[in-house]
Amino acid sequence: MSNLLAELYERMLESLLAVGRYALFTGRLLVETPRSLLRFGLVVHQVHNAGALSLVIIMLSGLFVGMVLGLQGFDLLERFGSEDSLGTAAALGLVKELGPVVTALLFAGRAGTALASELGLMRATDQLSAMEMMAVDPVRRVVMPRFLGGIIAMPLLAAVFSMIGIFGAQLVGVQMMGVDPGQFWSQMRGAVEVDDVMEGVIKSCVFGVACSAIAVYEGFHSLPTAEGVGRATTRTVVISSVVVLLLDYMLTAVML
Amino acid sequence: MPQRPGAANESCIVRIRGLHYAAGARVIFDGVDLDVERGAVTAIMGPSGTGKTTLLRLITGQIGPDAGELLVDGQDVAGLNRSGLYALRRRMGMLFQNGALLSDFDVFENVAFPLREHTRLPDSLIRNIVLTKLQAVGLRGAADLMPYELSGGMARRVALARAIVMDPEILIYDEPFVGLDPISLGVVLRLIRELNDALGISSIVVSHDVREIAAVADSAYLLSGGRVLASGKPASLTESDLAEVRQFMRGLPDGPVPFHYPAPDYAEQLLGSAPP
Amino acid sequence: MRATRAIELGTGLFVLLGFSALFFLVTQITNKEIGFGDSSYRLTAGFEQIGGLKAGAPVSMSGVTIGRVESIGYDFTEYKAKVVLRIDGNYDRIPDDSDASIFTAGLLGGQYVGISPGGSETFFKDGDQIDFTQSAIVLENLISKFLFSKAAEQGDAQGKEEGN
């Protein structure tokens, strides 16, 4: 029995240490941010890596999520005779929740794993050590641009997701299920506030910081083996997903 | 040449006295004394696992010793802060075991990397320097290739060009002969010697290839069990009185380092009385 | 690393798309109201019961939004809720005998202030008080009124029967 307790204690200690390491690393990344923005070319390259290359999956997912929202929303609202509010339901659902959260989860899967595996590979092939030896700080040169690229890309991706999602909902609701287009858009306009959109933007910014930090942390600290890189990418997705959902709850509770 | 800090008239560019270092419970260095002479090629040899790479990391300041003195060009490496360390490393060039080229850049950009990061030289000047260094290693025509298109030997030569692009005072080679075919070996040997003499630098070669070291080094140290077993000219090491040194230098399969890993009695194990 | 032309172009397009999406979301799906500017003016109104009225709720006439509820307080001299309304300066011809009532938008919607015009030839100025107000309808009061009147009806009917 005492063995079990001892192990539990060890595990908790390890988790605490891990959280601490993460926090310190993220803190360092945030501190380095102003300086790293000056190397704009590197950041642009990474915004492309994290953002532009994720566009296809984000747009496709946004479309399908929007369409499902249109279908389910219509079905639900029809029971109360409120189909005309479909626009409102879809817009609010996407802009406040689905946009930021689903984008973050997809981002973790596509861009997060790319970041983690790139850094992990550099670690495994001694490229990071070589940079250290050449008196180039690998955090500044390689990690920071990727971190900033992710942060910049995320809110933009979430906005694109929401926009396409709304059109998807409209496609299903108006074109297919017969909701009046005038009602669809006017009800939406009447009910959605700028605050709602801003809530979504804030959420996606926070998710951007979290997912990017997790991805670069895992990649940078991965074991320099093939298995190590694989583990880093898996951990990126798992940890990012859990953290995003947790932060989502916390932010929603605070902002509501 | 500008006066280097702490230069004085030290004949050793790297001076190690009484080095102690342990990684966790394992003692890696237990009192090591080592001198790297200016302008010479110094070899550091030893069986696998004696911590040769660890020694390099200590010299370059990536890790700090537990005890002992480690001076590079008169400066105590362990006492340097980050910027001091980076300033020191800019005067050193290091060749990693697998080249460690940046996989996203082509050969030219790889060699140009330190220049772009540390200097504000115009592109035309960078181009000239890079091509000159590539010429020195014989790969000027490969400037457009990507690292994955290079053979092992070529990758190492590109890494060498990158290591000398900032005109360092110390060149460190970490296992430069591993996995090379005879021709590439000959090329690397020639480069180590020529660069050392032509550029007036000091070279440290970490390796366990006795024959190659004998061909290129001015002096050699044999490390084993955390200590310096022997030092001196490579030829004198081959003729050493110590059995361990002789076994290593001549590549004898059995000797102080036994052929058989410790195991229970053979007959007993085969006939079933002792556990495997 | 110097970003190649293609990458710069791609990133530029991406950022443009992202910001357009953001712009779309902010402008096309919200009911943004350009601020009232400096020509707005204040009116106050006292209500016995404001129900669920909140600051920021719309003020409308005949359904047209002409202003917002700026703040809600309590007046201890008149023992009523005191609501401050900010009216857009374009609507400066509200008769000063108009009344303000609190309505509910839709079945489950939020509450808002509706102003019905009176017949006076003089108009409200900045700082004026709306004298005629009608409080919000609270559901419990409505239900108890309904039950009470139902019970009264029963009582009358029984009384009539017995009387005959």
# chains A, B, ... in the order shown; residues from 1 in each chain; ligands from 1
$ interface_residues --of "chain A" --to "chain B" --cutoff "8 Å" --atoms "only C-alpha atoms" --output "number ranges by chain"
A: 122, 125-127, 130, 133-136
$ write_last_selection --atoms "N, CA and C atoms" --output "PDB file, in the first residue's frame"
ATOM      1  N   MET A 122      15.222  18.084 -35.900  1.00  0.00           N
ATOM      2  CA  MET A 122      16.427  18.905 -35.744  1.00  0.00           C
ATOM      3  C   MET A 122      17.186  18.514 -34.484  1.00  0.00           C
ATOM      4  N   THR A 125      18.945  15.062 -35.177  1.00  0.00           N
ATOM      5  CA  THR A 125      20.090  15.067 -36.090  1.00  0.00           C
ATOM      6  C   THR A 125      21.138  16.089 -35.682  1.00  0.00           C
ATOM      7  N   ASP A 126      21.084  16.512 -34.421  1.00  0.00           N
ATOM      8  CA  ASP A 126      22.131  17.404 -33.906  1.00  0.00           C
ATOM      9  C   ASP A 126      22.139  18.792 -34.521  1.00  0.00           C
ATOM     10  N   GLN A 127      21.118  19.117 -35.308  1.00  0.00           N
ATOM     11  CA  GLN A 127      21.124  20.443 -35.921  1.00  0.00           C
ATOM     12  C   GLN A 127      21.043  21.533 -34.856  1.00  0.00           C
ATOM     13  N   ALA A 130      24.368  21.819 -33.286  1.00  0.00           N
ATOM     14  CA  ALA A 130      25.273  22.493 -34.219  1.00  0.00           C
ATOM     15  C   ALA A 130      25.065  23.996 -34.166  1.00  0.00           C
ATOM     16  N   MET A 133      26.599  25.376 -31.173  1.00  0.00           N
ATOM     17  CA  MET A 133      28.043  25.449 -31.363  1.00  0.00           C
ATOM     18  C   MET A 133      28.452  26.607 -32.256  1.00  0.00           C
ATOM     19  N   MET A 134      27.573  26.958 -33.187  1.00  0.00           N
ATOM     20  CA  MET A 134      27.892  28.083 -34.062  1.00  0.00           C
ATOM     21  C   MET A 134      27.482  29.390 -33.416  1.00  0.00           C
ATOM     22  N   ALA A 135      27.204  29.328 -32.103  1.00  0.00           N
ATOM     23  CA  ALA A 135      26.835  30.525 -31.342  1.00  0.00           C
ATOM     24  C   ALA A 135      25.552  31.159 -31.866  1.00  0.00           C
ATOM     25  N   VAL A 136      24.663  30.320 -32.405  1.00  0.00           N
ATOM     26  CA  VAL A 136      23.340  30.807 -32.789  1.00  0.00           C
ATOM     27  C   VAL A 136      22.344  30.200 -31.806  1.00  0.00           C
TER      28      VAL A 136
END
$ interface_residues --of "chain A" --to "chain C" --cutoff "6 Å" --atoms "only C-alpha atoms" --output "tab-separated table (two decimals) with N, CA and C atoms, in the first residue's frame"
chain	number	residue	atom	x	y	z
A	41	GLY	N	11.23	38.00	-41.73
A	41	GLY	CA	11.23	36.99	-42.79
A	41	GLY	C	11.00	35.60	-42.25
A	42	LEU	N	11.66	35.29	-41.12
A	42	LEU	CA	11.50	33.97	-40.53
A	42	LEU	C	10.06	33.75	-40.08
A	45	HIS	N	7.69	33.12	-42.96
A	45	HIS	CA	7.82	31.75	-43.44
A	45	HIS	C	7.01	30.79	-42.59
A	48	HIS	N	3.26	31.06	-42.96
A	48	HIS	CA	2.89	30.28	-44.14
A	48	HIS	C	2.78	28.81	-43.79
A	52	ALA	N	-1.12	29.19	-43.89
A	52	ALA	CA	-1.53	29.00	-45.28
A	52	ALA	C	-1.65	27.52	-45.63
A	156	LEU	N	-6.72	33.92	-37.38
A	156	LEU	CA	-7.12	34.08	-38.77
A	156	LEU	C	-7.79	32.81	-39.28
A	159	ALA	N	-11.28	32.58	-37.87
A	159	ALA	CA	-12.21	33.49	-38.55
A	159	ALA	C	-12.65	32.89	-39.88
A	160	VAL	N	-11.70	32.34	-40.61
A	160	VAL	CA	-12.05	31.73	-41.89
A	160	VAL	C	-13.01	30.56	-41.67
A	163	MET	N	-16.47	31.90	-40.88
A	163	MET	CA	-17.11	32.52	-42.04
A	163	MET	C	-17.64	31.45	-42.99
A	188	MET	N	-29.91	37.05	-37.62
A	188	MET	CA	-28.53	36.93	-37.18
A	188	MET	C	-27.98	38.29	-36.82
A	189	ARG	N	-28.20	39.23	-37.68
A	189	ARG	CA	-27.66	40.57	-37.44
A	189	ARG	C	-28.25	41.16	-36.17
A	190	GLY	N	-29.53	40.84	-35.96
A	190	GLY	CA	-30.17	41.40	-34.77
A	190	GLY	C	-29.64	40.81	-33.48
A	192	VAL	N	-26.54	38.89	-33.04
A	192	VAL	CA	-25.10	38.73	-32.80
A	192	VAL	C	-24.46	40.08	-32.55
A	193	GLU	N	-23.75	40.17	-31.44
A	193	GLU	CA	-23.08	41.42	-31.11
A	193	GLU	C	-21.61	41.33	-31.48
A	194	VAL	N	-20.98	42.50	-31.61
A	194	VAL	CA	-19.54	42.52	-31.86
A	194	VAL	C	-18.81	41.83	-30.70
$ residues_around --residues "C:Val59" --least-positions-apart "2" --cutoff "12 Å" --atoms "only C-alpha atoms" --output "NGL selection string"
:C and (42-43 or 45 or 53-57 or 61-70 or 83-88 or 91 or 100-105 or 111-116)
$ closest_atom_pairs --of "chain B" --to "chain C" --cutoff "9 Å" --atoms "only C-alpha atoms" --output "CSV"
residue,atom,partner,partner_atom,distance
B:Phe105,CA,C:Met1,CA,8.7
B:Glu109,CA,C:Met1,CA,8.9
B:Phe113,CA,C:Met1,CA,9.0
B:Arg116,CA,C:Met1,CA,9.0
$ closest_residue --among "A:Val43, A:Ala108, A:Ile164, A:Val229" --to "A:Val242" --atoms "only C-alpha atoms"
A:Ala108
$ residues_around --residues "A:Phe64" --least-positions-apart "2" --cutoff "12 Å" --atoms "only C-alpha atoms" --output "PDB file with C-alpha atoms, in the first residue's frame"
ATOM      1  CA  ILE A  57      -8.315  21.436 -43.997  1.00  0.00           C
ATOM      2  CA  ILE A  58      -9.746  24.381 -42.096  1.00  0.00           C
ATOM      3  CA  MET A  59     -11.958  25.471 -44.955  1.00  0.00           C
ATOM      4  CA  LEU A  60     -13.205  21.980 -45.659  1.00  0.00           C
ATOM      5  CA  SER A  61     -13.900  21.330 -42.006  1.00  0.00           C
ATOM      6  CA  GLY A  62     -15.569  24.693 -41.612  1.00  0.00           C
ATOM      7  CA  GLY A  66     -21.408  24.634 -40.840  1.00  0.00           C
ATOM      8  CA  MET A  67     -23.543  22.349 -42.917  1.00  0.00           C
ATOM      9  CA  VAL A  68     -24.128  19.959 -40.027  1.00  0.00           C
ATOM     10  CA  LEU A  69     -24.948  22.918 -37.827  1.00  0.00           C
ATOM     11  CA  GLY A  70     -27.463  23.995 -40.432  1.00  0.00           C
ATOM     12  CA  LEU A  71     -29.060  20.563 -40.483  1.00  0.00           C
ATOM     13  CA  LEU A  94     -19.631  29.005 -34.747  1.00  0.00           C
ATOM     14  CA  LEU A  98     -17.017  25.857 -32.745  1.00  0.00           C
ATOM     15  CA  VAL A 102     -12.481  23.056 -33.707  1.00  0.00           C
ATOM     16  CA  PHE A 161     -13.585  28.616 -40.318  1.00  0.00           C
ATOM     17  CA  SER A 162     -16.484  30.583 -38.858  1.00  0.00           C
ATOM     18  CA  ILE A 164     -17.202  29.429 -44.211  1.00  0.00           C
ATOM     19  CA  GLY A 165     -19.249  27.648 -41.567  1.00  0.00           C
ATOM     20  CA  ILE A 166     -21.919  30.320 -41.687  1.00  0.00           C
ATOM     21  CA  PHE A 167     -22.106  29.997 -45.423  1.00  0.00           C
ATOM     22  CA  GLY A 168     -22.319  26.259 -45.021  1.00  0.00           C
ATOM     23  CA  ALA A 169     -25.218  26.646 -42.621  1.00  0.00           C
ATOM     24  CA  GLN A 170     -26.868  28.982 -45.054  1.00  0.00           C
ATOM     25  CA  LEU A 171     -26.349  26.505 -47.857  1.00  0.00           C
ATOM     26  CA  VAL A 172     -28.211  23.838 -45.936  1.00  0.00           C
TER      27      VAL A 172
END
$ residues_around --residues "stretch 252-256 of chain B" --least-positions-apart "6" --cutoff "10 Å" --atoms "only C-alpha atoms" --output "PDB file with N, CA and C atoms, in the first residue's frame"
ATOM      1  N   LEU B 242      52.455   0.214 -21.358  1.00  0.00           N
ATOM      2  CA  LEU B 242      51.197  -0.184 -20.738  1.00  0.00           C
ATOM      3  C   LEU B 242      50.416  -1.129 -21.647  1.00  0.00           C
ATOM      4  N   ALA B 243      49.954  -2.225 -21.043  1.00  0.00           N
ATOM      5  CA  ALA B 243      49.220  -3.229 -21.824  1.00  0.00           C
ATOM      6  C   ALA B 243      47.939  -2.659 -22.409  1.00  0.00           C
ATOM      7  N   GLU B 244      47.258  -1.844 -21.597  1.00  0.00           N
ATOM      8  CA  GLU B 244      46.000  -1.287 -22.105  1.00  0.00           C
ATOM      9  C   GLU B 244      46.243  -0.433 -23.330  1.00  0.00           C
ATOM     10  N   VAL B 245      47.297   0.382 -23.251  1.00  0.00           N
ATOM     11  CA  VAL B 245      47.581   1.271 -24.381  1.00  0.00           C
ATOM     12  C   VAL B 245      47.929   0.462 -25.608  1.00  0.00           C
ATOM     13  N   ARG B 246      48.733  -0.577 -25.390  1.00  0.00           N
ATOM     14  CA  ARG B 246      49.131  -1.389 -26.539  1.00  0.00           C
ATOM     15  C   ARG B 246      47.932  -2.067 -27.161  1.00  0.00           C
TER      16      ARG B 246
END
$ atom_distance --atom1 "atom CA of A:Leu256" --atom2 "atom CA of A:Leu157"
23.2 Å
$ decode --residues "stretch 150-224 of chain A" --atoms "C-alpha atoms" --output "PDB file, in the first residue's frame"
ATOM      1  CA  GLY A 150       1.265  29.665 -34.889  1.00  0.00           C
ATOM      2  CA  ILE A 151      -0.017  32.516 -32.757  1.00  0.00           C
ATOM      3  CA  ILE A 152      -0.586  34.750 -35.766  1.00  0.00           C
ATOM      4  CA  ALA A 153      -2.171  32.032 -37.834  1.00  0.00           C
ATOM      5  CA  MET A 154      -4.691  30.728 -35.326  1.00  0.00           C
ATOM      6  CA  PRO A 155      -7.172  33.625 -35.008  1.00  0.00           C
ATOM      7  CA  LEU A 156      -7.121  34.077 -38.768  1.00  0.00           C
ATOM      8  CA  LEU A 157      -7.829  30.413 -39.325  1.00  0.00           C
ATOM      9  CA  ALA A 158     -10.658  30.500 -36.800  1.00  0.00           C
ATOM     10  CA  ALA A 159     -12.207  33.486 -38.546  1.00  0.00           C
ATOM     11  CA  VAL A 160     -12.054  31.726 -41.894  1.00  0.00           C
ATOM     12  CA  PHE A 161     -13.585  28.616 -40.318  1.00  0.00           C
ATOM     13  CA  SER A 162     -16.484  30.583 -38.858  1.00  0.00           C
ATOM     14  CA  MET A 163     -17.112  32.516 -42.036  1.00  0.00           C
ATOM     15  CA  ILE A 164     -17.202  29.429 -44.211  1.00  0.00           C
ATOM     16  CA  GLY A 165     -19.249  27.648 -41.567  1.00  0.00           C
ATOM     17  CA  ILE A 166     -21.919  30.320 -41.687  1.00  0.00           C
ATOM     18  CA  PHE A 167     -22.106  29.997 -45.423  1.00  0.00           C
ATOM     19  CA  GLY A 168     -22.319  26.259 -45.021  1.00  0.00           C
ATOM     20  CA  ALA A 169     -25.218  26.646 -42.621  1.00  0.00           C
ATOM     21  CA  GLN A 170     -26.868  28.982 -45.054  1.00  0.00           C
ATOM     22  CA  LEU A 171     -26.349  26.505 -47.857  1.00  0.00           C
ATOM     23  CA  VAL A 172     -28.211  23.838 -45.936  1.00  0.00           C
ATOM     24  CA  GLY A 173     -30.758  26.036 -44.207  1.00  0.00           C
ATOM     25  CA  VAL A 174     -31.773  28.330 -47.020  1.00  0.00           C
ATOM     26  CA  GLN A 175     -30.987  26.451 -50.194  1.00  0.00           C
ATOM     27  CA  MET A 176     -31.933  23.019 -48.962  1.00  0.00           C
ATOM     28  CA  MET A 177     -34.355  23.339 -46.070  1.00  0.00           C
ATOM     29  CA  GLY A 178     -36.167  26.442 -47.203  1.00  0.00           C
ATOM     30  CA  VAL A 179     -35.457  28.936 -44.464  1.00  0.00           C
ATOM     31  CA  ASP A 180     -36.133  32.452 -45.677  1.00  0.00           C
ATOM     32  CA  PRO A 181     -32.779  34.037 -46.552  1.00  0.00           C
ATOM     33  CA  GLY A 182     -33.920  37.449 -45.381  1.00  0.00           C
ATOM     34  CA  GLN A 183     -34.838  36.063 -41.980  1.00  0.00           C
ATOM     35  CA  PHE A 184     -31.655  34.033 -41.842  1.00  0.00           C
ATOM     36  CA  TRP A 185     -29.418  37.057 -42.137  1.00  0.00           C
ATOM     37  CA  SER A 186     -31.549  39.692 -40.427  1.00  0.00           C
ATOM     38  CA  GLN A 187     -32.228  37.630 -37.323  1.00  0.00           C
ATOM     39  CA  MET A 188     -28.529  36.926 -37.180  1.00  0.00           C
ATOM     40  CA  ARG A 189     -27.661  40.574 -37.441  1.00  0.00           C
ATOM     41  CA  GLY A 190     -30.167  41.398 -34.771  1.00  0.00           C
ATOM     42  CA  ALA A 191     -28.847  38.902 -32.286  1.00  0.00           C
ATOM     43  CA  VAL A 192     -25.103  38.730 -32.802  1.00  0.00           C
ATOM     44  CA  GLU A 193     -23.080  41.419 -31.114  1.00  0.00           C
ATOM     45  CA  VAL A 194     -19.542  42.525 -31.856  1.00  0.00           C
ATOM     46  CA  ASP A 195     -18.781  41.306 -28.338  1.00  0.00           C
ATOM     47  CA  ASP A 196     -19.641  37.793 -29.399  1.00  0.00           C
ATOM     48  CA  VAL A 197     -17.203  37.935 -32.275  1.00  0.00           C
ATOM     49  CA  MET A 198     -14.549  39.388 -30.001  1.00  0.00           C
ATOM     50  CA  GLU A 199     -15.078  36.576 -27.509  1.00  0.00           C
ATOM     51  CA  GLY A 200     -14.282  34.128 -30.270  1.00  0.00           C
ATOM     52  CA  VAL A 201     -11.224  36.066 -31.347  1.00  0.00           C
ATOM     53  CA  ILE A 202      -9.880  36.197 -27.802  1.00  0.00           C
ATOM     54  CA  LYS A 203     -10.437  32.487 -27.424  1.00  0.00           C
ATOM     55  CA  SER A 204      -8.628  31.651 -30.628  1.00  0.00           C
ATOM     56  CA  CYS A 205      -5.707  33.881 -29.652  1.00  0.00           C
ATOM     57  CA  VAL A 206      -5.379  32.104 -26.313  1.00  0.00           C
ATOM     58  CA  PHE A 207      -5.662  28.725 -28.023  1.00  0.00           C
ATOM     59  CA  GLY A 208      -3.011  29.853 -30.479  1.00  0.00           C
ATOM     60  CA  VAL A 209      -0.562  30.586 -27.704  1.00  0.00           C
ATOM     61  CA  ALA A 210      -1.334  27.300 -25.989  1.00  0.00           C
ATOM     62  CA  CYS A 211      -1.122  25.031 -29.036  1.00  0.00           C
ATOM     63  CA  SER A 212       1.995  26.687 -30.411  1.00  0.00           C
ATOM     64  CA  ALA A 213       3.754  26.605 -27.060  1.00  0.00           C
ATOM     65  CA  ILE A 214       2.927  22.944 -26.553  1.00  0.00           C
ATOM     66  CA  ALA A 215       4.027  21.964 -30.053  1.00  0.00           C
ATOM     67  CA  VAL A 216       7.379  23.734 -29.909  1.00  0.00           C
ATOM     68  CA  TYR A 217       8.009  22.574 -26.358  1.00  0.00           C
ATOM     69  CA  GLU A 218       7.447  18.934 -27.214  1.00  0.00           C
ATOM     70  CA  GLY A 219       9.522  19.129 -30.365  1.00  0.00           C
ATOM     71  CA  PHE A 220      12.384  21.021 -28.770  1.00  0.00           C
ATOM     72  CA  HIS A 221      12.574  18.724 -25.759  1.00  0.00           C
ATOM     73  CA  SER A 222      12.010  15.459 -27.552  1.00  0.00           C
ATOM     74  CA  LEU A 223      14.448  12.607 -27.137  1.00  0.00           C
ATOM     75  CA  PRO A 224      16.879  12.523 -30.041  1.00  0.00           C
TER      76      PRO A 224
END
